[in-house]
Amino acid sequence: MAERFTVNNSSQMGSYSCFFGEKKEYRGTFNFKVPEIEGKNKPMISYVGDSAILMCKCHDCSPTAWIWSHSNGSVQVPIDIQTNEKFYVINGTNNNETKLKIMQLSEQDGGFYWCQAVFQLGESGMLIELVVLSYLVPLKPFLAIVAEVVVLVAIILLCEMYTQKKKSHSDDGKEFEQIEQLKSDDSSNGIENNAPRHRINSVTSK
């Protein structure tokens with residue numbers, strides 16, 4: 001004994017159970033759904049000016065059509081490859097996979113792309129994230145290190161200049177003190193030398 005039923009539209013998709021046996025102690029469960037689409041789960045990273053290829057595929061199935069959409073925010077916009085030369089779609093020979101090629105990438109091309117497979121009984125989709133970076137992004141850590149080195153060298157040079165300037169002022173002060181000391185010594189020696197002369201003159205006059 002066999003039972004057969006036909007699913008004609010997407011509203012009839014879902015889980016079905018059938019019971020058999022005298023007391024219906026046996027049950028079979030069937031889950032009808034459209035095939036799942038596979039793609040890259042991790043974000044795809046590319047750079048400005050390059051090209052990127054996004055791919056979706058379906059194992060053991062042949063969708064009637066593939067639809068690509070771009071969502072850069074809350075709005076999802078279908079991609080029209082007929083009017084936009086930036087995008088190019090390549091479908092597999094059995095129509096079980098599709099590739100979206102995006103040429104001359106800009107930062108505005110980044111965001112989420114929705115790959116949608118259309119079947120007779122429904123649709124299935126896959127979300128792919130594309131990240132478009134500028135070539136300066138990988139250089140930012142290096143530029144930060146260079147900036148830190150430049151600041152450090154500038155601080156060292158300023159400290160050395162301040163130290164030398166302070167040392168120069170200290171040497172000038174010492175030299176001034178030495179000159180004043182010499183002047184003081186010369187003045188003292190002149191007084192001592194004059195004193196005996198006065199004494200000698202006084203003795204001679206006597």
# chains A, B, ... in the order shown; residues from 1 in each chain; ligands from 1
call {"tool": "select_by_dssp", "arguments": {"residues": "segment 48-168 of chain A", "states": "strand (DSSP E or B)", "output": "ChimeraX atom specification"}}
result
/A:52-57,65-71,76-78,87-91,97-102,111-119,122-133
call {"tool": "write_last_selection", "arguments": {"atoms": "C-alpha atoms", "output": "short mmCIF file (atom, residue, chain, number, x, y, z; two decimals), in the first residue's frame"}}
result
data_model
loop_
_atom_site.label_atom_id
_atom_site.label_comp_id
_atom_site.auth_asym_id
_atom_site.auth_seq_id
_atom_site.Cartn_x
_atom_site.Cartn_y
_atom_site.Cartn_z
CA ALA A 52 35.87 41.04 -6.57
CA ILE A 53 33.95 37.86 -7.37
CA LEU A 54 31.06 36.75 -5.16
CA MET A 55 29.78 33.20 -5.60
CA CYS A 56 26.70 31.19 -4.60
CA LYS A 57 25.96 27.58 -5.45
CA ALA A 65 16.84 31.93 -12.14
CA TRP A 66 19.40 33.78 -10.00
CA ILE A 67 18.87 37.29 -8.63
CA TRP A 68 21.58 39.51 -7.10
CA SER A 69 20.81 42.48 -4.86
CA HIS A 70 22.98 45.01 -3.05
CA SER A 71 22.17 46.36 0.40
CA GLN A 76 18.02 46.37 -0.83
CA VAL A 77 18.44 47.25 -4.51
CA PRO A 78 18.38 44.62 -7.30
CA PHE A 87 28.66 44.27 -12.61
CA TYR A 88 28.96 41.04 -14.55
CA VAL A 89 27.09 37.78 -13.76
CA ILE A 90 28.42 34.32 -14.67
CA ASN A 91 26.14 31.31 -14.22
CA GLU A 97 25.95 28.22 -9.33
CA THR A 98 26.30 31.91 -10.03
CA LYS A 99 29.12 34.43 -9.75
CA LEU A 100 28.88 38.19 -9.49
CA LYS A 101 31.98 40.05 -10.67
CA ILE A 102 32.35 43.65 -9.50
CA GLY A 111 28.12 46.25 2.05
CA PHE A 112 25.88 43.18 1.89
CA TYR A 113 24.99 41.34 -1.31
CA TRP A 114 21.96 39.05 -1.43
CA CYS A 115 22.22 36.03 -3.71
CA GLN A 116 18.76 34.61 -4.41
CA ALA A 117 17.89 31.36 -6.20
CA VAL A 118 14.40 31.07 -7.67
CA PHE A 119 12.70 27.66 -7.78
CA GLY A 122 9.89 29.01 -3.66
CA GLU A 123 13.09 30.96 -3.23
CA SER A 124 16.27 30.51 -1.23
CA GLY A 125 19.00 33.06 -0.56
CA MET A 126 22.42 33.72 0.87
CA LEU A 127 23.87 36.93 2.34
CA ILE A 128 27.49 37.80 1.50
CA GLU A 129 29.41 40.72 3.01
CA LEU A 130 31.95 42.63 0.93
CA VAL A 131 34.44 44.93 2.66
CA VAL A 132 36.27 47.43 0.42
CA LEU A 133 39.38 48.97 1.97
#
call {"tool": "residues_around", "arguments": {"residues": "Ser106 of chain A", "least_positions_apart": "6", "cutoff": "10 Å", "atoms": "only C-alpha atoms", "output": "ChimeraX atom specification"}}
result
/A:46-51,132-134
call {"tool": "write_last_selection", "arguments": {"atoms": "N, CA, C and O atoms", "output": "mmCIF file, in the first residue's frame"}}
result
data_model
loop_
_atom_site.group_PDB
_atom_site.id
_atom_site.type_symbol
_atom_site.label_atom_id
_atom_site.label_comp_id
_atom_site.auth_asym_id
_atom_site.auth_seq_id
_atom_site.Cartn_x
_atom_site.Cartn_y
_atom_site.Cartn_z
ATOM 1 N N SER A 46 38.436 43.199 -0.024
ATOM 2 C CA SER A 46 39.148 43.610 -1.229
ATOM 3 C C SER A 46 39.511 45.084 -1.093
ATOM 4 O O SER A 46 39.186 45.721 -0.088
ATOM 5 N N TYR A 47 40.197 45.617 -2.112
ATOM 6 C CA TYR A 47 40.707 46.986 -2.031
ATOM 7 C C TYR A 47 40.174 47.836 -3.180
ATOM 8 O O TYR A 47 39.754 47.322 -4.224
ATOM 9 N N VAL A 48 40.207 49.133 -2.955
ATOM 10 C CA VAL A 48 39.723 50.092 -3.943
ATOM 11 C C VAL A 48 40.506 49.940 -5.247
ATOM 12 O O VAL A 48 41.733 49.865 -5.251
ATOM 13 N N GLY A 49 39.777 49.889 -6.358
ATOM 14 C CA GLY A 49 40.409 49.744 -7.666
ATOM 15 C C GLY A 49 40.522 48.313 -8.149
ATOM 16 O O GLY A 49 40.720 48.082 -9.344
ATOM 17 N N ASP A 50 40.431 47.341 -7.242
ATOM 18 C CA ASP A 50 40.497 45.935 -7.632
ATOM 19 C C ASP A 50 39.124 45.447 -8.070
ATOM 20 O O ASP A 50 38.144 46.188 -8.089
ATOM 21 N N SER A 51 39.050 44.171 -8.406
ATOM 22 C CA SER A 51 37.783 43.531 -8.729
ATOM 23 C C SER A 51 37.520 42.410 -7.729
ATOM 24 O O SER A 51 38.449 41.854 -7.149
ATOM 25 N N VAL A 132 35.346 46.765 1.347
ATOM 26 C CA VAL A 132 36.270 47.427 0.422
ATOM 27 C C VAL A 132 37.135 48.394 1.222
ATOM 28 O O VAL A 132 36.624 49.321 1.848
ATOM 29 N N LEU A 133 38.438 48.162 1.194
ATOM 30 C CA LEU A 133 39.378 48.965 1.972
ATOM 31 C C LEU A 133 40.239 49.820 1.056
ATOM 32 O O LEU A 133 40.481 49.477 -0.100
ATOM 33 N N SER A 134 40.694 50.927 1.613
ATOM 34 C CA SER A 134 41.674 51.754 0.918
ATOM 35 C C SER A 134 43.063 51.170 1.158
ATOM 36 O O SER A 134 43.318 50.503 2.154
#
call {"tool": "select_by_dssp", "arguments": {"residues": "segment 59-178 of chain A", "states": "alpha helix (DSSP H)", "output": "ChimeraX atom specification"}}
result
/A:140-178
call {"tool": "closest_residue", "arguments": {"among": "A:Ser17, A:Asn41, A:Ser62, A:Thr163", "to": "Gly92 of chain A", "atoms": "only C-alpha atoms"}}
result
A:Ser62
call {"tool": "atom_distance", "arguments": {"atom1": "atom CA of Asn9 of chain A", "atom2": "atom CA of Phe32 of chain A"}}
result
11.1 Å
